[in-house]
Structure formats: C-alpha cells, structure tokens
>>> print(open('my_file.txt').read())   # compact mmCIF, C-alpha atoms
# COMPACT_ATOMS: atom_id res chain seq x y z
CA MET A 1 98.88 126.53 78.53
CA LYS A 2 101.88 126.16 76.28
CA THR A 3 103.57 123.71 78.65
CA SER A 4 100.46 121.52 78.90
CA GLU A 5 100.14 121.33 75.10
CA HIS A 6 103.81 120.44 74.86
CA VAL A 7 103.27 117.57 77.27
CA ARG A 8 100.32 116.19 75.33
CA GLY A 9 102.27 116.34 72.11
CA ALA A 10 105.22 114.54 73.64
CA ARG A 11 103.03 111.71 74.86
CA SER A 12 101.84 110.89 71.36
CA GLU A 13 105.35 109.94 70.17
CA GLY A 14 104.90 106.24 71.02
CA PRO A 15 103.89 103.64 73.58
CA ARG A 16 105.18 104.25 77.08
CA LYS A 17 107.37 101.95 79.13
CA LEU A 18 106.86 102.48 82.85
CA GLY A 19 108.34 100.56 85.76
CA LEU A 20 108.68 100.46 89.54
CA CYS A 21 111.92 99.25 91.09
CA VAL A 22 112.08 98.44 94.81
CA LEU A 23 115.57 99.07 96.20
CA CYS A 24 115.81 97.40 99.60
CA GLY A 25 118.35 96.50 102.26
CA LEU A 26 119.51 97.40 105.75
CA PRO A 27 120.13 101.02 106.77
CA ALA A 28 123.60 102.18 105.64
CA ALA A 29 123.86 99.32 103.13
CA GLY A 30 124.66 101.88 100.42
CA LYS A 31 121.22 102.15 98.81
CA SER A 32 121.22 105.92 98.30
CA THR A 33 124.69 105.94 96.71
CA PHE A 34 123.75 102.98 94.53
CA ALA A 35 120.50 104.70 93.46
CA ARG A 36 122.34 107.89 92.44
CA VAL A 37 124.88 105.98 90.36
CA LEU A 38 122.17 103.83 88.76
CA SER A 39 120.02 106.85 87.95
CA HIS A 40 122.92 108.72 86.31
CA ARG A 41 123.89 105.67 84.27
CA LEU A 42 120.37 104.99 83.00
CA ARG A 43 119.91 108.63 82.01
CA GLN A 44 123.23 108.77 80.18
CA GLU A 45 123.36 105.33 78.57
CA ARG A 46 119.67 104.52 78.06
CA ARG A 47 118.15 108.00 77.87
CA TRP A 48 115.52 106.89 80.36
CA ALA A 49 113.64 109.18 82.69
CA VAL A 50 114.49 108.08 86.23
CA GLY A 51 112.94 109.14 89.50
CA VAL A 52 114.60 108.07 92.76
CA VAL A 53 112.22 108.41 95.70
CA ALA A 54 114.21 108.03 98.93
CA TYR A 55 111.75 107.42 101.74
CA ASP A 56 114.14 108.89 104.32
CA ASP A 57 114.15 112.18 102.42
CA VAL A 58 110.43 112.39 101.70
CA MET A 59 108.77 111.01 104.83
CA PRO A 60 108.75 113.43 107.78
CA ASP A 61 110.94 112.82 110.82
CA ALA A 62 107.80 112.58 112.93
CA PHE A 63 107.32 108.97 111.96
CA ILE A 64 110.46 108.04 113.93
CA LYS A 65 108.95 109.52 117.09
CA GLU A 66 105.46 108.15 116.41
CA PRO A 67 105.77 104.56 115.13
CA SER A 68 102.00 104.20 115.10
CA GLN A 69 101.88 106.66 112.19
CA TRP A 70 104.62 104.92 110.24
CA LYS A 71 102.41 102.57 108.22
CA LEU A 72 99.87 105.30 107.46
CA LEU A 73 102.59 107.59 106.13
CA ARG A 74 104.00 104.83 103.90
CA GLN A 75 100.54 104.24 102.45
CA GLU A 76 100.09 107.97 101.94
CA LEU A 77 103.36 108.13 100.01
CA LEU A 78 102.20 105.28 97.78
CA LYS A 79 99.09 107.36 97.02
CA TYR A 80 101.34 110.23 95.92
CA LEU A 81 103.23 107.85 93.64
CA GLU A 82 99.97 106.54 92.23
CA GLY A 83 98.81 110.09 91.50
CA PHE A 84 102.02 110.83 89.61
CA LEU A 85 101.82 107.57 87.64
CA THR A 86 98.19 108.11 86.61
CA ALA A 87 99.10 111.60 85.40
CA VAL A 88 101.94 110.12 83.31
CA ILE A 89 99.71 107.36 81.92
CA ASN A 90 96.89 109.76 81.04
CA GLY A 91 99.11 112.61 79.88
CA CYS A 92 97.54 115.14 82.21
CA GLN A 93 98.51 117.38 85.11
CA MET A 94 99.16 115.91 88.54
CA SER A 95 96.78 117.06 91.25
CA ALA A 96 97.62 117.39 94.90
CA PRO A 97 95.54 114.99 97.02
CA PRO A 98 92.97 116.80 99.20
CA ASN A 99 94.02 114.98 102.37
CA ARG A 100 97.78 115.08 102.71
CA THR A 101 100.63 115.64 105.09
CA GLU A 102 101.78 119.00 103.80
CA ALA A 103 105.48 118.65 104.62
CA MET A 104 105.67 115.20 103.01
CA TRP A 105 103.79 116.37 99.91
CA GLU A 106 106.12 119.35 99.46
CA ASP A 107 109.17 117.11 99.82
CA PHE A 108 107.68 114.68 97.29
CA ILE A 109 107.09 117.47 94.75
CA THR A 110 110.61 118.81 95.33
CA CYS A 111 111.97 115.31 94.74
CA LEU A 112 110.19 115.11 91.36
CA LYS A 113 111.18 118.64 90.38
CA ASP A 114 114.85 118.02 91.16
CA GLN A 115 114.79 115.07 88.76
CA ASP A 116 113.02 116.95 85.94
CA LEU A 117 109.77 115.00 86.23
CA VAL A 118 107.42 117.86 87.15
CA SER A 119 107.75 121.57 86.60
CA SER A 120 106.01 124.54 88.19
CA ALA A 121 102.52 124.51 89.59
CA ALA A 122 99.76 124.91 87.03
CA HIS A 123 97.62 127.22 89.17
CA GLU A 124 98.31 129.91 91.68
CA ALA A 125 96.75 127.73 94.40
CA GLN A 126 99.47 125.13 93.59
CA SER A 127 96.99 122.27 93.55
CA CYS A 128 98.10 120.94 90.13
CA TYR A 129 101.51 120.43 88.55
CA PHE A 130 102.69 120.13 84.96
CA LEU A 131 104.65 117.07 83.93
CA THR A 132 107.86 117.69 82.03
CA LYS A 133 108.64 116.47 78.54
CA THR A 134 111.19 114.10 80.07
CA ALA A 135 108.51 112.46 82.24
CA VAL A 136 106.11 111.77 79.38
CA SER A 137 108.33 111.09 76.37
CA ARG A 138 110.89 108.55 77.61
CA PRO A 139 110.85 105.16 79.30
CA LEU A 140 110.28 105.96 82.96
CA LEU A 141 111.66 104.02 85.94
CA LEU A 142 110.78 104.98 89.51
CA VAL A 143 113.28 103.64 92.05
CA LEU A 144 111.88 103.43 95.58
CA ASP A 145 114.77 103.59 98.04
CA ASP A 146 113.89 102.23 101.48
CA ASN A 147 114.65 99.35 103.85
CA PHE A 148 111.51 97.40 102.79
CA TYR A 149 112.56 94.71 105.24
CA TYR A 150 109.13 93.02 105.31
CA GLN A 151 107.82 91.20 102.25
CA SER A 152 104.42 92.85 102.75
CA MET A 153 105.97 96.33 102.28
CA ARG A 154 107.34 95.34 98.88
CA TYR A 155 104.13 93.57 97.94
CA GLU A 156 102.22 96.85 98.26
CA VAL A 157 104.45 98.29 95.53
CA TYR A 158 103.89 95.19 93.39
CA GLN A 159 100.12 95.65 93.76
CA LEU A 160 100.49 99.22 92.46
CA ALA A 161 102.47 97.93 89.46
CA ARG A 162 99.83 95.29 88.80
CA LYS A 163 96.98 97.79 89.08
CA TYR A 164 98.38 99.88 86.20
CA SER A 165 100.22 97.11 84.29
CA LEU A 166 103.66 98.54 85.02
CA GLY A 167 107.03 96.83 85.04
CA PHE A 168 108.19 95.66 88.46
CA CYS A 169 111.51 94.48 89.86
CA GLN A 170 113.44 94.32 93.12
CA LEU A 171 117.07 95.01 93.98
CA PHE A 172 118.34 93.78 97.33
CA LEU A 173 121.65 95.26 98.51
CA ASP A 174 123.27 92.53 100.58
CA CYS A 175 125.67 94.27 102.95
CA PRO A 176 127.18 92.66 106.09
CA LEU A 177 125.55 93.83 109.31
CA GLU A 178 128.86 94.96 110.80
CA THR A 179 129.58 97.14 107.77
CA CYS A 180 126.15 98.76 108.07
CA LEU A 181 126.74 99.44 111.77
CA GLN A 182 130.14 101.03 111.09
CA ARG A 183 128.75 103.26 108.33
CA ASN A 184 125.76 104.21 110.45
CA SER A 185 128.00 105.29 113.33
CA ARG A 186 129.66 107.85 111.04
CA ARG A 187 126.39 109.43 109.95
CA PRO A 188 125.38 112.84 111.36
CA ARG A 189 121.96 111.39 112.23
CA ALA A 190 122.78 107.82 113.13
CA LEU A 191 120.04 105.31 113.87
CA PRO A 192 120.17 103.50 117.22
CA THR A 193 122.36 100.40 116.94
CA GLN A 194 119.55 98.19 118.27
CA THR A 195 117.27 99.36 115.45
CA ILE A 196 119.67 98.06 112.80
CA HIS A 197 120.19 94.83 114.74
CA LEU A 198 116.41 94.39 114.92
CA MET A 199 115.98 94.98 111.19
CA GLY A 200 118.80 92.55 110.50
CA SER A 201 117.00 89.84 112.45
CA LYS A 202 113.63 90.51 110.81
CA ILE A 203 114.55 91.30 107.22
CA GLU A 204 112.75 89.12 104.65
CA LYS A 205 114.91 88.94 101.56
CA PRO A 206 113.25 88.54 98.13
CA ASN A 207 112.44 84.87 97.58
CA PRO A 208 111.67 84.26 93.87
CA GLU A 209 111.48 80.50 94.39
CA LYS A 210 108.68 80.85 96.92
CA ASN A 211 106.85 83.93 95.59
CA ALA A 212 106.06 84.14 91.88
CA TRP A 213 105.59 87.91 92.10
CA GLU A 214 109.25 88.28 93.19
CA HIS A 215 110.74 86.53 90.14
CA ASN A 216 112.18 89.82 88.83
CA SER A 217 114.64 90.20 91.71
CA LEU A 218 118.39 90.55 91.98
CA THR A 219 120.62 90.36 95.05
CA ILE A 220 123.66 92.60 94.77
CA GLN A 221 126.73 92.30 96.96
CA THR A 222 127.64 95.90 97.76
CA ALA A 223 131.34 95.19 97.32
CA MET A 224 130.79 93.68 93.89
CA CYS A 225 131.10 96.05 90.91
CA SER A 226 131.91 93.56 88.18
CA SER A 227 130.79 93.91 84.58
CA GLU A 228 128.85 90.67 85.02
CA ALA A 229 126.82 92.19 87.87
CA SER A 230 126.22 95.30 85.75
CA LEU A 231 124.92 93.18 82.87
CA LYS A 232 122.60 91.25 85.18
CA LEU A 233 121.22 94.51 86.52
CA THR A 234 120.64 95.94 83.05
CA ASP A 235 118.95 92.73 81.93
CA LEU A 236 116.66 92.80 84.97
CA LEU A 237 115.56 96.40 84.38
CA LEU A 238 115.01 95.84 80.65
CA THR A 239 113.02 92.68 81.35
CA ALA A 240 110.83 94.52 83.84
CA LEU A 241 110.05 97.38 81.44
CA GLU A 242 109.49 95.06 78.48
CA ASN A 243 107.23 92.71 80.45
CA PRO A 244 104.83 94.72 82.61
CA VAL A 245 102.79 92.95 85.24
CA LYS A 246 99.43 91.99 83.78
CA TYR A 247 96.35 92.72 85.82
CA VAL A 248 93.98 89.77 85.59
CA GLU A 249 90.82 90.19 87.62
CA ASP A 250 90.25 86.47 88.12
CA ASN A 251 93.85 85.47 88.71
CA MET A 252 93.31 82.92 91.49
CA GLU A 253 97.02 82.62 92.29
CA GLN A 254 97.30 86.34 92.99
CA LYS A 255 94.05 86.33 94.98
CA GLU A 256 95.39 83.55 97.14
CA THR A 257 98.64 85.46 97.68
CA ASP A 258 96.65 88.56 98.64
CA ARG A 259 94.55 86.52 101.04
CA ILE A 260 97.56 84.94 102.76
CA ILE A 261 99.33 88.27 103.25
CA CYS A 262 96.14 89.94 104.46
CA SER A 263 95.42 87.06 106.87
CA ALA A 264 98.95 87.18 108.26
CA SER A 265 98.61 90.92 108.89
CA ILE A 266 95.23 90.50 110.63
CA LEU A 267 96.52 87.63 112.76
CA HIS A 268 99.49 89.72 113.86
CA GLN A 269 97.31 92.69 114.80
CA VAL A 270 94.78 90.52 116.64
CA ASP A 271 97.53 88.65 118.48
CA GLN A 272 99.08 91.90 119.72
CA THR A 273 95.70 93.24 120.84
CA LEU A 274 94.72 90.03 122.66
CA ARG A 275 98.06 90.01 124.48
CA ARG A 276 97.34 93.53 125.74
CA ILE A 277 93.82 92.55 126.85
CA VAL A 278 95.09 89.51 128.78
CA SER A 279 97.88 91.55 130.35
CA GLN A 280 95.48 94.33 131.41
CA THR A 281 93.01 91.81 132.81
CA MET A 282 95.74 90.16 134.90
CA LYS A 283 96.93 93.55 136.16
CA GLU A 284 93.40 94.43 137.29
CA ALA A 285 93.13 91.07 139.06
CA LYS A 286 96.42 91.68 140.90
CA ASP A 287 95.30 95.19 141.86
CA ASN A 288 92.20 93.61 143.41
CA GLN A 289 94.49 91.39 145.51
CA VAL A 290 93.40 88.10 143.99
CA LEU A 291 95.16 85.12 145.57
CA PRO A 292 98.30 83.90 143.75
CA TYR A 293 96.86 80.44 143.10
CA THR A 294 93.72 81.96 141.54
CA LEU A 295 95.87 84.31 139.48
CA LYS A 296 97.79 81.33 138.12
CA LEU A 297 94.60 79.51 137.09
CA LEU A 298 93.15 82.66 135.54
CA ALA A 299 96.31 83.35 133.54
CA GLU A 300 96.39 79.79 132.23
CA GLU A 301 92.76 79.92 131.16
CA LEU A 302 93.01 83.33 129.49
CA ASN A 303 96.16 82.35 127.59
CA LYS A 304 94.50 79.10 126.51
CA LEU A 305 91.50 81.11 125.30
CA LYS A 306 93.78 83.47 123.38
CA ALA A 307 95.60 80.56 121.70
CA GLU A 308 92.32 78.84 120.78
CA PHE A 309 90.90 82.11 119.49
CA LEU A 310 93.89 82.72 117.19
CA ALA A 311 93.78 79.12 115.97
CA ASP A 312 90.08 79.53 115.27
CA LEU A 313 90.72 82.72 113.30
CA ARG A 314 93.52 81.00 111.38
CA GLN A 315 91.30 78.03 110.49
CA GLY A 316 88.26 79.97 109.29
CA ASN A 317 86.20 81.08 112.29
CA LYS A 318 84.50 77.76 113.07
CA LYS A 319 84.00 78.12 116.82
CA TYR A 320 84.29 81.46 118.57
CA LEU A 321 83.52 83.74 115.64
CA CYS A 322 80.24 82.03 114.76
CA CYS A 323 81.27 81.09 111.21
CA GLN A 324 81.12 84.74 110.12
CA GLN A 325 84.47 84.63 108.29
CA THR A 326 85.01 88.17 109.51
CA THR A 327 88.20 90.14 108.94
CA ASP A 328 86.88 93.18 110.81
CA ILE A 329 89.35 93.50 113.67
CA PRO A 330 87.00 95.48 116.01
CA ASP A 331 84.41 92.69 115.66
CA ILE A 332 87.03 90.03 116.39
CA ILE A 333 88.18 91.87 119.52
CA SER A 334 84.56 92.30 120.62
CA PHE A 335 84.01 88.54 120.36
CA PHE A 336 87.12 87.92 122.44
CA HIS A 337 85.95 90.32 125.16
CA TYR A 338 82.68 88.39 125.33
CA GLU A 339 84.48 85.06 125.82
CA LYS A 340 86.94 86.62 128.29
CA ASP A 341 84.06 87.94 130.40
CA ASN A 342 82.57 84.44 130.49
CA VAL A 343 85.87 83.17 131.91
CA LEU A 344 85.95 85.93 134.52
CA LYS A 345 82.43 85.05 135.69
CA LYS A 346 83.75 81.71 136.91
CA TYR A 347 86.29 83.42 139.14
CA PHE A 348 84.44 86.60 140.09
CA PRO A 349 80.70 85.87 139.71
CA LYS A 350 79.62 88.91 141.69
CA GLN A 351 81.57 91.41 139.54
CA HIS A 352 80.39 89.85 136.25
>>> encode(input="my_file.txt", output="structure tokens")
Amino acid sequence: MKTSEHVRGARSEGPRKLGLCVLCGLPAAGKSTFARVLSHRLRQERRWAVGVVAYDDVMPDAFIKEPSQWKLLRQELLKYLEGFLTAVINGCQMSAPPNRTEAMWEDFITCLKDQDLVSSAAHEAQSCYFLTKTAVSRPLLLVLDDNFYYQSMRYEVYQLARKYSLGFCQLFLDCPLETCLQRNSRRPRALPTQTIHLMGSKIEKPNPEKNAWEHNSLTIQTAMCSSEASLKLTDLLLTALENPVKYVEDNMEQKETDRIICSASILHQVDQTLRRIVSQTMKEAKDNQVLPYTLKLLAEELNKLKAEFLADLRQGNKKYLCCQQTTDIPDIISFFHYEKDNVLKKYFPKQH
C-alpha cells in the first residue's frame, strides 16, 4: 500500500484546481496535433497535469458501424471520466465500473497510464487503479478531443463540470472545410467525404452571446500561431481553472437551459418516430391496394395529425397528451398510435 499512502500524502499539499476543456471542430481540423502541442506546453511551462482523451482513440470502431450505439458509448465514456475525477477529488483509487464495454475501458485506462495519471492496478482482479502523484498533486486539465459538433454534446461535459464544481472551457478549431477534406483524404483510415460535408453543415459553433454556459470559449484559426493567440489561450485556461463552475441547486437559469435542451432532444426523437409510423402506415395502405385518391387524403390527415401532435408537445401537452406534461417517449408514441387508429377507422372501419 505504499503507493496509495503516497497518493494521500500528495493530495494534502494544497487545494486542487481541476478543469475540463472541450476541444471541438471538424474531422481533420488538426485537433489531435493541437492537443499534443498544448499538453506538452502546459506540462513544461505550467507544471500542470494534463490528460488528453481523444474519442477516436478510446471509443471502439464498432460505433461507426452501429450508429444507434454511438450516443450510448459517448455517455459511457463520460461515466469513465466521472469515475476518474471523483477519485482525484476524493484522493482514492479509481474503480472499474461494473457495466462497461471492455475494449473501451482498457483503451481509457491505457490513455491515462500513458499520460502518467494512473499507475498499475491495485488488485490482481484489476478492478481498481492507483492514481499517480502527478494526478493528485498538480493542477489537472482534461482535454476532450472530439468533433462535438452539436451543442448538446458539449453541454453534457459542462454538466459534469458543474456537478463537481470544476473549471470548464471550450476551444473551437476553425478550419476551412476544403482543408479538412484534403487532410482526410491522406489519412490511412479516411472518413467518407459526405460525412465531413454533413458535419460541416450541422456543426453548432460555441455561441457565448447566446449561451451563458459557453462564455469560456475561444475560436482558434488553425493557421494562426501568433503570440497574441497563445496569450488568449493561456488566459482562457487560467480563467477556467481559477473560476470553477458553481453548482447551485436552485439556479433557475440553468434549469431552464436544461429544460430547453432536453425538450429539443425529445422533440427530435418523437418527430423521427412519428415519421416512421406514418410512413409504415402508408406502406401498409398501399400494399392493401387502397385507391390513390384515398391514399392522398389519408396521407394529408396523418401528416396533419403528426404536425399537430408535435406542436402540442412543444406547447405543453394541452390537447392530445391529456395535460400530463409527459416526457416519457414510449407514452407519447402510444398516444399517437391511439389517435392514428382513430383516423384509420374513418377510412377502414371494418379493419379498426
């Protein structure tokens, strides 16, 4: 237990400064190179402990083939990060989560080991890991390297920072789309061109003027390496570590932000599901050789119902959802099926 005692002793040297830095931008924008240079500089000049977590290196390749698992794997990785942070905060060993994707967990541990943040396993079963002196005795910055092209992806990291009163900041690498496409084409494992085009059309850049939680953000032109840019970056990181996000239970502004983002996510999921239901219903009607004129009327009525249903959900469930204010998606879909069947009864009374 010599290593564990050493860790506890190191933690008592003074108050900790911990921060999360979201590094975002298009694929091939130069994020990984930038992260390596930044990490080396902070270790050498500031004597900080730095952990760069590159999502492409840690998340398994399976998520590319199974997009439905993509969000679940991202959330799982955030749980790993939370486990490491709580171990640092409490000065204890880091435990492996009981439910985990083994390959991703092993890559995550290797990532931390390579950066001198954890050492060997504490037990032969390898369920716990010692933290290093570096991890617990210096200011610690975790840099999360990923595309993070949706605001909601970055907001999940902000919520983690807020939960543990950590510093939080964002760095957006602004690289021209054509440059990204050229760099990507030279990679051994290049992404499909249409994927980068799609991300370029959907990317939501940090917007500090609109979102208060994004005020610690900096846009960096990848071709710009001026001393002025370097000073701005240093100031941003110092500000984030010196001014951790405060968790206030009754912060109405944050609750409203949470509600809006949650509502937008639910609306998107419900909209996609209702589209599939309407499409499947129309396909079944065509298979039953329904007359074209009847098909046209049915399609119009089902699409009108879908639009009204989404508007009702957006406005607080005043009509179709019986004022239940529900955010349970299976319940919402069940209500829609009920109303859809009522529409079908008008056209096919014998079947319904």
>>> closest_residue(input="my_file.txt", among="A:Phe34, A:Tyr347, A:Tyr80, A:Phe168", to="Leu297 in chain A", atoms="all atoms listed in the file")
A:Tyr347
>>> atom_distance(input="my_file.txt", atom1="CA of Ala29 in chain A", atom2="CA of Ser230 in chain A")
18.0 Å
>>> closest_residue(input="my_file.txt", among="A:Leu26, A:Val58, A:Ala307, A:Ile266", to="Trp105 in chain A", atoms="only C-alpha atoms")
A:Val58
>>> closest_residue(input="my_file.txt", among="A:Thr101, A:Ser95, A:Thr219, A:Gln194", to="Leu236 in chain A", atoms="all atoms listed in the file")
A:Thr219
>>> atom_distance(input="my_file.txt", atom1="CA of Cys24 in chain A", atom2="CA of Asn147 in chain A")
4.8 Å
>>> closest_residue(input="my_file.txt", among="A:Cys169, A:Val343, A:Leu313, A:Ala28", to="Leu181 in chain A", atoms="all atoms listed in the file")
A:Ala28
>>> residues_near_point(input="my_file.txt", point="(110.4, 100.5, 96.7)", cutoff="8 Å", atoms="all atoms listed in the file", output="PyMOL selection string")
chain A and resi 20-24+143-146+148+154+157+170
>>> atom_distance(input="my_file.txt", atom1="CA of Ala103 in chain A", atom2="CA of Gly167 in chain A")
29.4 Å
>>> residues_around(input="my_file.txt", residues="Val52 in chain A", least_positions_apart="4", cutoff="9 Å", atoms="only C-alpha atoms", output="ChimeraX atom specification")
/A:32,35-36,39,111-112,115,141-145
>>> closest_residue(input="my_file.txt", among="A:Lys17, A:Lys232, A:Arg43, A:Lys306", to="Leu85 in chain A", atoms="only C-alpha atoms")
A:Lys17
>>> closest_residue(input="my_file.txt", among="A:Leu237, A:Leu18, A:Lys205, A:Leu302", to="Gln280 in chain A", atoms="all atoms listed in the file")
A:Leu302
>>> residues_near_point(input="my_file.txt", point="(108.3, 122.2, 95.4)", cutoff="12 Å", atoms="all atoms listed in the file", output="list of chain:residue names")
A:Val58, A:Ala96, A:Glu102, A:Ala103, A:Met104, A:Trp105, A:Glu106, A:Asp107, A:Phe108, A:Ile109, A:Thr110, A:Cys111, A:Leu112, A:Lys113, A:Asp114, A:Gln115, A:Asp116, A:Leu117, A:Val118, A:Ser119, A:Ser120, A:Ala121, A:Gln126, A:Ser127, A:Cys128, A:Tyr129
>>> decode(input="my_file.txt", residues="range 79-90 of chain A", atoms="all heavy atoms", output="short mmCIF file (atom, residue, chain, number, x, y, z; two decimals), in the first residue's frame")
data_model
loop_
_atom_site.label_atom_id
_atom_site.label_comp_id
_atom_site.auth_asym_id
_atom_site.auth_seq_id
_atom_site.Cartn_x
_atom_site.Cartn_y
_atom_site.Cartn_z
N LYS A 79 -19.03 8.58 -18.16
CA LYS A 79 -19.05 7.91 -16.84
C LYS A 79 -17.64 7.51 -16.42
O LYS A 79 -17.28 7.61 -15.24
CB LYS A 79 -19.95 6.67 -16.90
CG LYS A 79 -21.44 6.99 -16.96
CD LYS A 79 -21.92 7.63 -15.67
CE LYS A 79 -23.42 7.89 -15.71
NZ LYS A 79 -23.87 8.61 -14.48
N TYR A 80 -16.83 7.06 -17.36
CA TYR A 80 -15.43 6.75 -17.04
C TYR A 80 -14.72 8.00 -16.55
O TYR A 80 -13.98 7.97 -15.55
CB TYR A 80 -14.69 6.23 -18.28
CG TYR A 80 -15.19 4.93 -18.86
CD1 TYR A 80 -14.67 4.46 -20.06
CD2 TYR A 80 -16.18 4.16 -18.24
CE1 TYR A 80 -15.10 3.27 -20.63
CE2 TYR A 80 -16.61 2.98 -18.81
CZ TYR A 80 -16.06 2.54 -20.00
OH TYR A 80 -16.49 1.37 -20.56
N LEU A 81 -14.91 9.11 -17.27
CA LEU A 81 -14.28 10.37 -16.87
C LEU A 81 -14.75 10.80 -15.48
O LEU A 81 -13.95 11.26 -14.67
CB LEU A 81 -14.60 11.45 -17.90
CG LEU A 81 -13.92 11.31 -19.26
CD1 LEU A 81 -14.60 12.19 -20.30
CD2 LEU A 81 -12.44 11.68 -19.14
N GLU A 82 -16.02 10.63 -15.23
CA GLU A 82 -16.55 11.00 -13.91
C GLU A 82 -15.92 10.14 -12.81
O GLU A 82 -15.59 10.64 -11.73
CB GLU A 82 -18.07 10.84 -13.90
CG GLU A 82 -18.71 11.27 -12.59
CD GLU A 82 -20.22 11.26 -12.63
OE1 GLU A 82 -20.81 10.80 -13.64
OE2 GLU A 82 -20.85 11.73 -11.65
N GLY A 83 -15.74 8.85 -13.09
CA GLY A 83 -15.11 7.98 -12.11
C GLY A 83 -13.69 8.40 -11.80
O GLY A 83 -13.26 8.39 -10.64
N PHE A 84 -12.94 8.78 -12.83
CA PHE A 84 -11.57 9.26 -12.63
C PHE A 84 -11.57 10.56 -11.83
O PHE A 84 -10.77 10.73 -10.88
CB PHE A 84 -10.88 9.46 -13.97
CG PHE A 84 -9.54 10.13 -13.88
CD1 PHE A 84 -8.47 9.48 -13.29
CD2 PHE A 84 -9.36 11.41 -14.37
CE1 PHE A 84 -7.22 10.10 -13.19
CE2 PHE A 84 -8.12 12.04 -14.29
CZ PHE A 84 -7.05 11.39 -13.69
N LEU A 85 -12.44 11.48 -12.17
CA LEU A 85 -12.49 12.78 -11.48
C LEU A 85 -12.88 12.63 -10.00
O LEU A 85 -12.30 13.29 -9.14
CB LEU A 85 -13.49 13.70 -12.18
CG LEU A 85 -13.04 14.26 -13.53
CD1 LEU A 85 -14.19 14.89 -14.27
CD2 LEU A 85 -11.90 15.28 -13.34
N THR A 86 -13.83 11.77 -9.71
CA THR A 86 -14.22 11.58 -8.31
C THR A 86 -13.07 10.95 -7.51
O THR A 86 -12.88 11.28 -6.34
CB THR A 86 -15.48 10.70 -8.18
OG1 THR A 86 -15.29 9.48 -8.90
CG2 THR A 86 -16.69 11.42 -8.75
N ALA A 87 -12.30 10.07 -8.16
CA ALA A 87 -11.14 9.50 -7.47
C ALA A 87 -10.11 10.59 -7.18
O ALA A 87 -9.52 10.63 -6.09
CB ALA A 87 -10.52 8.40 -8.33
N VAL A 88 -9.88 11.49 -8.13
CA VAL A 88 -8.94 12.60 -7.92
C VAL A 88 -9.44 13.51 -6.80
O VAL A 88 -8.68 13.90 -5.91
CB VAL A 88 -8.76 13.40 -9.23
CG1 VAL A 88 -7.94 14.66 -8.97
CG2 VAL A 88 -8.06 12.55 -10.28
N ILE A 89 -10.71 13.86 -6.84
CA ILE A 89 -11.29 14.77 -5.85
C ILE A 89 -11.22 14.17 -4.44
O ILE A 89 -10.90 14.86 -3.47
CB ILE A 89 -12.74 15.11 -6.23
CG1 ILE A 89 -12.77 15.97 -7.50
CG2 ILE A 89 -13.45 15.85 -5.08
CD1 ILE A 89 -14.14 16.12 -8.12
N ASN A 90 -11.49 12.87 -4.35
CA ASN A 90 -11.54 12.22 -3.03
C ASN A 90 -10.20 11.62 -2.62
O ASN A 90 -10.07 11.11 -1.50
CB ASN A 90 -12.61 11.13 -3.03
CG ASN A 90 -14.01 11.69 -3.23
OD1 ASN A 90 -14.34 12.74 -2.66
ND2 ASN A 90 -14.82 11.03 -4.04
#
